[in-house]
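J.: Have a peek at coords_19.txt (compact mmCIF, C-alpha atoms).
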# COMPACT_ATOMS: atom_id res chain seq x y z
CA MET A 1 0.00 0.00 0.00
CA LEU A 2 2.72 2.49 0.97
CA MET A 3 4.87 1.79 -2.09
CA THR A 4 1.87 1.97 -4.42
CA THR A 5 0.87 5.30 -2.89
CA LEU A 6 4.36 6.73 -3.40
CA ARG A 7 4.34 5.75 -7.07
CA LEU A 8 0.92 7.36 -7.59
CA ILE A 9 2.14 10.57 -5.95
CA LEU A 10 5.37 10.76 -7.91
CA ARG A 11 4.22 9.70 -11.40
CA PRO A 12 2.20 12.86 -12.14
CA LEU A 13 5.29 14.86 -11.27
CA GLY A 14 7.38 12.99 -13.81
CA LEU A 15 9.41 11.32 -11.06
CA ALA A 16 8.43 7.68 -11.48
CA LEU A 17 12.08 6.62 -11.42
CA VAL A 18 12.61 8.35 -8.09
CA GLY A 19 9.42 6.70 -6.83
CA CYS A 20 10.77 3.27 -7.66
CA LEU A 21 14.04 4.09 -5.93
CA LEU A 22 12.27 5.29 -2.79
CA ALA A 23 9.86 2.37 -2.77
CA THR A 24 12.83 0.00 -2.90
CA ALA A 25 14.83 1.94 -0.34
CA ILE A 26 12.10 2.42 2.29
CA MET A 27 12.83 -0.95 3.84
CA THR A 28 16.56 -0.11 4.10
CA TRP A 29 16.58 3.63 4.76
CA ALA A 30 19.42 3.28 7.28
CA ALA A 31 21.84 1.72 4.78
CA PRO A 32 25.10 3.71 4.77
CA ARG A 33 24.84 4.59 1.08
CA LEU A 34 22.13 4.34 -1.57
CA ALA A 35 22.21 5.21 -5.25
CA GLY A 36 23.00 8.87 -5.87
CA GLU A 37 23.99 9.52 -2.23
CA THR A 38 20.35 9.14 -1.22
CA TYR A 39 19.43 8.93 2.46
CA LEU A 40 15.93 8.30 3.71
CA LEU A 41 15.37 10.07 7.01
CA PRO A 42 12.34 9.26 9.17
CA TYR A 43 10.91 12.15 11.16
CA ALA A 44 7.69 13.13 12.89
CA SER A 45 5.88 16.43 12.67
CA THR A 46 3.20 17.98 14.86
CA GLN A 47 1.51 21.32 15.44
CA GLY A 48 2.14 21.02 19.16
CA ARG A 49 -0.81 18.73 19.85
CA VAL A 50 -0.95 14.98 20.49
CA VAL A 51 -1.44 14.28 16.76
CA TYR A 52 1.67 13.41 14.76
CA GLU A 53 2.39 12.80 11.10
CA LEU A 54 5.28 10.54 10.06
CA TYR A 55 7.46 11.27 7.04
CA LEU A 56 10.38 9.85 5.11
CA MET A 57 12.70 12.47 3.63
CA ASP A 58 15.02 11.85 0.70
CA ILE A 59 17.84 14.09 1.93
CA GLY A 60 19.73 14.09 -1.35
CA ARG A 61 16.75 15.34 -3.34
CA GLY A 62 14.98 17.38 -0.68
CA LEU A 63 11.70 15.45 -1.00
CA SER A 64 9.46 14.37 1.89
CA PHE A 65 6.77 11.70 1.76
CA ARG A 66 4.09 11.23 4.40
CA ILE A 67 3.78 7.60 5.47
CA LEU A 68 1.31 7.95 8.37
CA SER A 69 -1.08 10.72 9.39
CA ASP A 70 -3.24 11.57 12.39
CA VAL A 71 -1.20 9.46 14.79
CA GLU A 72 -2.44 10.25 18.30
CA MET A 73 0.32 10.03 20.91
CA THR A 74 1.46 11.77 24.05
CA ASP A 75 5.11 11.22 23.08
CA GLN A 76 6.91 10.83 19.79
CA PRO A 77 6.47 7.67 17.68
CA SER A 78 9.20 5.04 17.41
CA ILE A 79 10.30 3.67 14.04
CA SER A 80 12.42 0.57 13.49
CA ALA A 81 15.93 0.88 12.05
CA ASP A 82 14.90 -0.69 8.73
CA GLY A 83 11.89 1.62 8.41
CA ARG A 84 9.38 -1.23 8.34
CA TYR A 85 7.63 -0.86 11.72
CA VAL A 86 6.24 2.06 13.69
CA VAL A 87 4.86 1.97 17.24
CA THR A 88 2.17 4.63 17.06
CA ASP A 89 0.42 4.72 20.41
CA TYR A 90 1.26 4.37 24.05
CA ASN A 91 -2.05 3.05 25.47
CA PRO A 92 -2.54 0.52 24.11
CA LEU A 93 0.71 0.00 22.22
CA THR A 94 -0.01 -0.31 18.50
CA LEU A 95 2.45 -1.68 15.95
CA VAL A 96 2.07 -0.69 12.29
CA ASP A 97 3.80 -2.82 9.65
CA LEU A 98 4.39 -0.39 6.76
CA LYS A 99 5.53 -3.16 4.42
CA TYR A 100 2.29 -5.17 4.61
CA ASP A 101 -0.03 -2.36 5.77
CA THR A 102 -1.15 -4.24 8.89
CA THR A 103 -1.72 -3.21 12.50
CA ARG A 104 -1.14 -5.15 15.72
CA THR A 105 -2.37 -3.97 19.12
CA PHE A 106 -0.88 -5.05 22.45
CA ASP A 107 -2.66 -5.21 25.79
CA ASP A 108 -0.10 -2.98 27.50
CA TYR A 109 1.19 0.56 27.60
CA THR A 110 4.45 2.34 28.37
CA HIS A 111 5.42 3.66 31.78
CA ARG A 112 5.22 7.48 32.12
CA ASP A 113 4.54 7.81 28.41
CA TRP A 114 8.15 6.77 27.75
CA ARG A 115 8.52 5.70 24.12
CA VAL A 116 9.68 2.27 23.07
CA ILE A 117 13.19 1.67 21.68
CA TRP A 118 13.86 -0.59 18.71
CA SER A 119 16.74 -3.04 18.50
CA PRO A 120 19.30 -2.30 15.74
CA GLN A 121 18.12 -5.45 13.96
CA SER A 122 14.49 -4.17 13.90
CA ASP A 123 13.18 -7.52 15.14
CA ARG A 124 12.07 -6.43 18.64
CA PHE A 125 11.57 -3.40 20.85
CA ALA A 126 11.91 -2.70 24.55
CA TYR A 127 9.89 -0.59 26.97
CA LEU A 128 8.97 -0.30 30.63
CA SER A 129 5.41 -1.50 31.18
CA GLY A 130 2.90 0.83 32.73
CA GLU A 131 1.00 -2.22 34.00
CA ASP A 132 3.56 -3.78 36.32
CA ALA A 133 6.88 -1.89 35.73
CA ALA A 134 8.33 -4.95 33.98
CA LEU A 135 10.96 -4.44 31.31
CA VAL A 136 9.30 -5.86 28.20
CA ILE A 137 11.18 -7.22 25.19
CA GLN A 138 8.49 -7.47 22.52
CA SER A 139 9.09 -9.34 19.27
CA ALA A 140 7.80 -7.59 16.16
CA VAL A 141 6.18 -10.80 14.96
CA GLY A 142 6.01 -13.03 18.05
CA ALA A 143 5.64 -13.08 21.81
CA ALA A 144 7.05 -10.87 24.55
CA ARG A 145 9.45 -11.47 27.43
CA ARG A 146 8.76 -9.67 30.70
CA LEU A 147 11.89 -9.10 32.80
CA ASP A 148 12.51 -7.64 36.24
CA ALA A 149 14.75 -4.57 35.98
CA ASP A 150 13.79 -2.99 39.32
CA GLY A 151 11.79 -0.30 37.56
CA ARG A 152 14.68 0.92 35.41
CA LEU A 153 13.85 2.39 32.01
CA PRO A 154 15.47 0.89 28.90
CA VAL A 155 17.12 3.75 27.03
CA GLN A 156 19.40 2.39 24.31
CA TRP A 157 20.35 -0.92 22.69
CA SER A 158 23.97 -1.86 22.13
CA PRO A 159 24.92 -2.05 18.42
CA GLU A 160 24.81 -5.85 18.33
CA GLY A 161 21.40 -5.90 20.02
CA GLU A 162 22.46 -7.98 23.01
CA ARG A 163 22.52 -5.36 25.80
CA LEU A 164 20.46 -2.44 27.03
CA THR A 165 21.47 0.66 28.95
CA LEU A 166 19.06 1.31 31.83
CA ARG A 167 18.31 4.35 33.91
CA MET A 168 16.19 5.44 36.85
CA ASP A 169 15.14 9.00 37.68
CA ASP A 170 17.18 10.39 34.74
CA ILE A 171 20.39 8.72 35.98
CA PHE A 172 21.98 5.82 34.07
CA THR A 173 22.58 3.01 36.50
CA ALA A 174 23.25 -0.30 34.76
CA PHE A 175 23.43 -2.56 31.71
CA MET A 176 21.25 -5.57 31.06
CA THR A 177 22.31 -8.59 29.00
CA VAL A 178 19.00 -9.38 27.32
CA ALA A 179 19.49 -13.12 26.78
CA SER A 180 20.30 -13.86 30.44
CA SER A 181 18.46 -10.89 32.06
CA GLU A 182 21.67 -10.23 34.02
CA ILE A 183 22.06 -6.65 35.24
CA THR A 184 25.54 -5.25 35.81
CA VAL A 185 26.60 -1.89 37.21
CA PRO A 186 29.98 -0.61 35.95
CA ALA A 187 32.24 0.50 38.77
CA ALA A 188 32.61 3.88 37.07
CA PHE A 189 28.86 4.44 37.27
CA GLY A 190 28.91 3.96 41.01
CA GLU A 191 31.21 6.93 41.48
CA VAL A 192 29.40 9.61 39.43
CA MET A 193 25.88 10.52 38.31
CA VAL A 194 25.64 9.48 34.66
CA TYR A 195 22.88 11.15 32.65
CA LEU A 196 23.92 10.82 28.98
CA THR A 197 25.48 7.84 27.19
CA ASP A 198 26.19 6.58 23.68
CA TRP A 199 27.73 3.36 22.37
CA SER A 200 30.66 3.02 20.00
CA ALA A 201 29.81 1.34 16.70
CA ARG A 202 31.57 -1.88 17.81
CA GLY A 203 29.80 -1.92 21.15
CA ASP A 204 33.04 -2.23 23.11
CA GLU A 205 33.15 1.35 24.39
CA LEU A 206 30.72 3.87 25.79
CA VAL A 207 30.96 7.63 26.01
CA TYR A 208 29.09 9.08 28.97
CA VAL A 209 28.45 12.43 30.64
CA SER A 210 28.58 12.75 34.40
CA ARG A 211 27.31 15.33 36.84
CA SER A 212 30.26 15.00 39.18
CA MET A 213 31.34 18.30 40.69
CA THR A 214 34.93 17.13 41.15
CA SER A 215 35.67 15.24 37.93
CA PRO A 216 35.68 16.03 34.18
CA PRO A 217 32.13 15.43 32.99
CA VAL A 218 32.77 13.45 29.78
CA TYR A 219 34.35 10.00 29.88
CA LYS A 220 34.99 7.12 27.53
CA LEU A 221 34.50 3.69 29.13
CA ASN A 222 36.10 0.52 27.74
CA LEU A 223 33.55 -2.19 28.43
CA LEU A 224 36.07 -4.99 27.92
CA THR A 225 38.69 -3.77 30.40
CA ALA A 226 36.44 -1.58 32.60
CA ASP A 227 38.96 1.24 32.17
CA ASP A 228 37.63 4.74 31.70
CA GLU A 229 39.35 7.94 30.69
CA ALA A 230 38.33 11.56 30.79
CA LEU A 231 37.86 13.40 27.50
CA THR A 232 39.05 16.98 27.73
CA LEU A 233 36.50 18.68 25.53
CA GLY A 234 36.19 22.43 25.11
CA GLY A 235 34.13 24.68 27.33
CA ASP A 236 32.39 24.18 30.65
CA LEU A 237 30.69 20.83 30.12
CA GLU A 238 28.47 20.85 33.17
CA TRP A 239 25.51 21.66 30.92
CA VAL A 240 25.71 19.09 28.11
CA THR A 241 22.18 18.18 26.95
CA ASN A 242 22.83 15.71 24.09
CA ILE A 243 25.75 13.55 22.95
CA ASP A 244 26.12 11.35 19.86
CA TRP A 245 29.11 9.26 18.81
CA SER A 246 29.39 8.94 15.02
CA PRO A 247 29.03 5.44 13.53
CA ASP A 248 32.63 5.41 12.29
CA GLY A 249 33.97 6.44 15.71
CA ARG A 250 35.75 9.55 14.42
CA TYR A 251 33.49 12.24 15.87
CA ILE A 252 31.68 12.99 19.09
CA ALA A 253 28.96 15.61 18.71
CA TYR A 254 27.39 17.16 21.77
CA VAL A 255 24.99 19.98 22.56
CA MET A 256 25.90 22.32 25.40
CA TRP A 257 24.43 25.44 26.92
CA GLU A 258 26.46 28.51 25.96
CA GLY A 259 24.86 31.51 27.59
CA PRO A 260 21.13 31.58 26.77
CA ALA A 261 21.42 29.14 23.83
CA LYS A 262 22.42 25.52 23.21
CA ARG A 263 25.23 25.10 20.67
CA ILE A 264 26.59 22.07 18.81
CA PHE A 265 30.21 21.07 19.33
CA VAL A 266 31.83 18.44 17.08
CA THR A 267 35.02 16.82 18.35
CA THR A 268 37.32 14.91 15.99
CA LEU A 269 39.20 12.01 17.58
CA SER A 270 42.53 10.51 16.53
CA PRO A 271 42.39 7.15 14.70
CA ASP A 272 43.02 5.27 17.95
CA GLY A 273 40.31 7.34 19.67
CA ARG A 274 42.64 8.47 22.45
CA GLU A 275 43.31 12.08 21.47
CA ILE A 276 41.24 15.05 20.36
CA ILE A 277 42.71 16.56 17.21
CA ASN A 278 40.08 19.16 16.36
CA GLU A 279 36.86 20.74 17.61
CA ILE A 280 34.36 23.02 15.89
CA THR A 281 31.29 24.93 17.06
CA VAL A 282 28.01 25.28 15.18
CA PRO A 283 26.49 28.53 16.53
CA ILE A 284 22.84 27.54 16.18
CA ASP A 285 20.44 27.03 19.08
CA THR A 286 19.81 23.27 18.98
CA ARG A 287 17.80 20.62 20.82
CA GLN A 288 18.40 17.30 18.99
CA ILE A 289 21.32 15.82 17.02
CA GLN A 290 21.81 12.68 14.93
CA TRP A 291 24.61 11.46 12.63
CA THR A 292 23.93 10.19 9.12
CA PRO A 293 24.86 6.52 8.72
CA ASP A 294 28.12 7.32 6.89
CA SER A 295 29.24 9.81 9.62
CA ARG A 296 29.87 12.51 7.02
CA ARG A 297 27.01 14.79 8.10
CA LEU A 298 25.14 15.75 11.22
CA LEU A 299 21.39 16.27 11.41
CA PHE A 300 19.90 18.51 14.06
CA VAL A 301 16.67 20.24 15.07
CA GLY A 302 16.73 23.98 15.71
CA GLN A 303 15.51 25.07 19.12
CA ARG A 304 13.66 28.17 17.95
CA ASP A 305 12.04 27.12 14.67
CA SER A 306 11.92 23.30 15.24
CA ASP A 307 13.13 22.76 11.66
CA ILE A 308 15.56 20.00 10.67
CA TYR A 309 19.02 21.03 9.46
CA ILE A 310 22.05 19.19 8.09
CA ILE A 311 25.73 20.14 8.16
CA ASP A 312 28.99 18.45 7.18
CA ALA A 313 31.05 16.94 9.99
CA VAL A 314 33.73 19.56 9.34
CA GLY A 315 31.22 22.39 9.87
CA SER A 316 30.46 23.41 6.27
CA ASN A 317 27.46 23.22 3.90
CA LEU A 318 24.71 24.04 6.37
CA ARG A 319 21.23 23.41 4.92
CA ARG A 320 17.70 23.63 6.30
CA LEU A 321 15.71 20.54 5.31
CA THR A 322 12.26 21.54 6.58
CA ASP A 323 10.39 24.84 6.61
CA ASN A 324 6.87 23.90 7.63
CA ASP A 325 5.99 25.98 10.73
CA ARG A 326 5.62 22.75 12.73
CA ILE A 327 7.46 20.94 15.50
CA ASN A 328 9.73 18.34 13.87
CA VAL A 329 11.35 15.39 15.66
CA LEU A 330 14.15 13.14 14.39
CA LEU A 331 13.23 9.47 14.80
CA GLY A 332 16.46 7.67 13.85
CA GLY A 333 19.42 6.83 15.99
Any chance you could give the structure as structure tokens?
T.:
Amino acid sequence: MLMTTLRLILRPLGLALVGCLLATAIMTWAAPRLAGETYLLPYASTQGRVVYELYLMDIGRGLSFRILSDVEMTDQPSISADGRYVVTDYNPLTLVDLKYDTTRTFDDYTHRDWRVIWSPQSDRFAYLSGEDAALVIQSAVGAARRLDADGRLPVQWSPEGERLTLRMDDIFTAFMTVASSEITVPAAFGEVMVYLTDWSARGDELVYVSRSMTSPPVYKLNLLTADDEALTLGGDLEWVTNIDWSPDGRYIAYVMWEGPAKRIFVTTLSPDGREIINEITVPIDTRQIQWTPDSRRLLFVGQRDSDIYIIDAVGSNLRRLTDNDRINVLLGG
């Protein structure tokens, strides 16, 4: 249904070839590179109410295509990494299969309106149940597992889809190995208040931001050796609001308060990841960041206009991708 609709929309515009490309690429929007440097970006848009519309944007050609409309939610939707599934409601949870145009409803809802998080393999998603505070691992096509995580929220999957980072009261506290349900607390986490984390692409390291008043706030933790090291980034990092490690491991982007506005800082790491060799500032008030799959460009949402922008990793070629007088939300990453 979705692919047929796209072809019908595009053919009158003389863009049938692009329609075929997009219809083929929808299921693999997160692939690092498509024909003609095409990237398909999922995002949600709202007028500030509980009703969302979901879009796919062809970044290379500047075209957006609506894939779902009038989605009623109290928090943003969650889309799978391959672009096939969308969880569109929080009570009850509703799963939309965009490939086969089917809907599946679950007899459960998320705790505190917290959205679900998809595994990198797009075969399952995790959430904290509003029914009994169980950590639920729900298969996209099968049954669910209900695990005891002491009320911790699942926040992010590891790249291989075997572990989850968990938090409670906005503080990251532990990891869970999904297969065994084992929860571990890194020694480094016991010494500081950790409130932002991101995995390396290999899943063997983690960058995290602490709220310690006596230590540097940004660390890189080796999960194999349990060693952590402070990253000496520019500025007073007590007010970092977002952090994102690029898929190729070369860049760490973070958003930090600078006076009355939040700016983007992009740090370039040495090939071994141990030294900082460059840092740039993007002087735009920002509230959300996300790397493209090839790590060459950074997507972000402006704080004041809520539009989506894109910029090269080196700080050049800034472009605004949306201009729709709506609140836009990035859904990838």
J.: Which residues come within 8 Å of Thr110 of chain A, counting all atoms listed in the file, excluding same-chain residues fewer than 2 positions away, as a PDB file with C-alpha atoms, keeping the file's coordinate frame?
T.:
ATOM      1  CA  TYR A  90       1.260   4.370  24.050  1.00  0.00           C
ATOM      2  CA  ASN A  91      -2.050   3.050  25.470  1.00  0.00           C
ATOM      3  CA  LEU A  93       0.710   0.000  22.220  1.00  0.00           C
ATOM      4  CA  ASP A 108      -0.100  -2.980  27.500  1.00  0.00           C
ATOM      5  CA  ARG A 112       5.220   7.480  32.120  1.00  0.00           C
ATOM      6  CA  ASP A 113       4.540   7.810  28.410  1.00  0.00           C
ATOM      7  CA  TRP A 114       8.150   6.770  27.750  1.00  0.00           C
ATOM      8  CA  ARG A 115       8.520   5.700  24.120  1.00  0.00           C
ATOM      9  CA  VAL A 116       9.680   2.270  23.070  1.00  0.00           C
ATOM     10  CA  TYR A 127       9.890  -0.590  26.970  1.00  0.00           C
ATOM     11  CA  LEU A 128       8.970  -0.300  30.630  1.00  0.00           C
ATOM     12  CA  SER A 129       5.410  -1.500  31.180  1.00  0.00           C
ATOM     13  CA  GLY A 130       2.900   0.830  32.730  1.00  0.00           C
TER      14      GLY A 130
END
J.: Go through A:Glu160, A:Gly302, A:Ile327, A:Pro283 and flag the residue nearest Val50 of chain A, using only C-alpha atoms for the distances.
T.: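 Checking each candidate against Val50 of chain A, we get A:Ile327 as the closest.
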J.: Neighbouring residues of Arg296 of chain A were defined as those with any atom within 12 Å, considering all atoms listed in the file; residues of the same chain fewer than 4 positions away were excluded. Please report them as a PDB file with C-alpha atoms, keeping the file's coordinate frame.
T.:
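Resulting contents of around-v7.pdb:
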ATOM      1  CA  PRO A  32      25.100   3.710   4.770  1.00  0.00           C
ATOM      2  CA  ARG A  33      24.840   4.590   1.080  1.00  0.00           C
ATOM      3  CA  GLU A  37      23.990   9.520  -2.230  1.00  0.00           C
ATOM      4  CA  TYR A  39      19.430   8.930   2.460  1.00  0.00           C
ATOM      5  CA  SER A 246      29.390   8.940  15.020  1.00  0.00           C
ATOM      6  CA  PRO A 247      29.030   5.440  13.530  1.00  0.00           C
ATOM      7  CA  ASP A 248      32.630   5.410  12.290  1.00  0.00           C
ATOM      8  CA  GLY A 249      33.970   6.440  15.710  1.00  0.00           C
ATOM      9  CA  ARG A 250      35.750   9.550  14.420  1.00  0.00           C
ATOM     10  CA  TYR A 251      33.490  12.240  15.870  1.00  0.00           C
ATOM     11  CA  VAL A 266      31.830  18.440  17.080  1.00  0.00           C
ATOM     12  CA  THR A 268      37.320  14.910  15.990  1.00  0.00           C
ATOM     13  CA  GLN A 290      21.810  12.680  14.930  1.00  0.00           C
ATOM     14  CA  TRP A 291      24.610  11.460  12.630  1.00  0.00           C
ATOM     15  CA  THR A 292      23.930  10.190   9.120  1.00  0.00           C
ATOM     16  CA  ILE A 310      22.050  19.190   8.090  1.00  0.00           C
ATOM     17  CA  ILE A 311      25.730  20.140   8.160  1.00  0.00           C
ATOM     18  CA  ASP A 312      28.990  18.450   7.180  1.00  0.00           C
ATOM     19  CA  ALA A 313      31.050  16.940   9.990  1.00  0.00           C
ATOM     20  CA  VAL A 314      33.730  19.560   9.340  1.00  0.00           C
ATOM     21  CA  GLY A 315      31.220  22.390   9.870  1.00  0.00           C
ATOM     22  CA  SER A 316      30.460  23.410   6.270  1.00  0.00           C
ATOM     23  CA  ASN A 317      27.460  23.220   3.900  1.00  0.00           C
TER      24      ASN A 317
END
J.: Could you please determine the separation between atom CA of Val51 of chain A and atom CA of Ser69 of chain A in Å, to one decimal place?
T.: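 Rounded to one decimal, the two atoms are 8.2 Å apart.
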J.: Do a neighbour search on Lys262 of chain A at 12 Å with all atoms listed in the file, toss out local chain neighbours closer than 4 positions, and write the hits as a count of residues only.
T.: 24
J.: So how far away is atom CA of Phe125 of chain A from atom CA of Asp307 of chain A, in Å?
T.: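 About the pair atom CA of Asp307 of chain A and atom CA of Phe125 of chain A: they are 27.8 Å apart.
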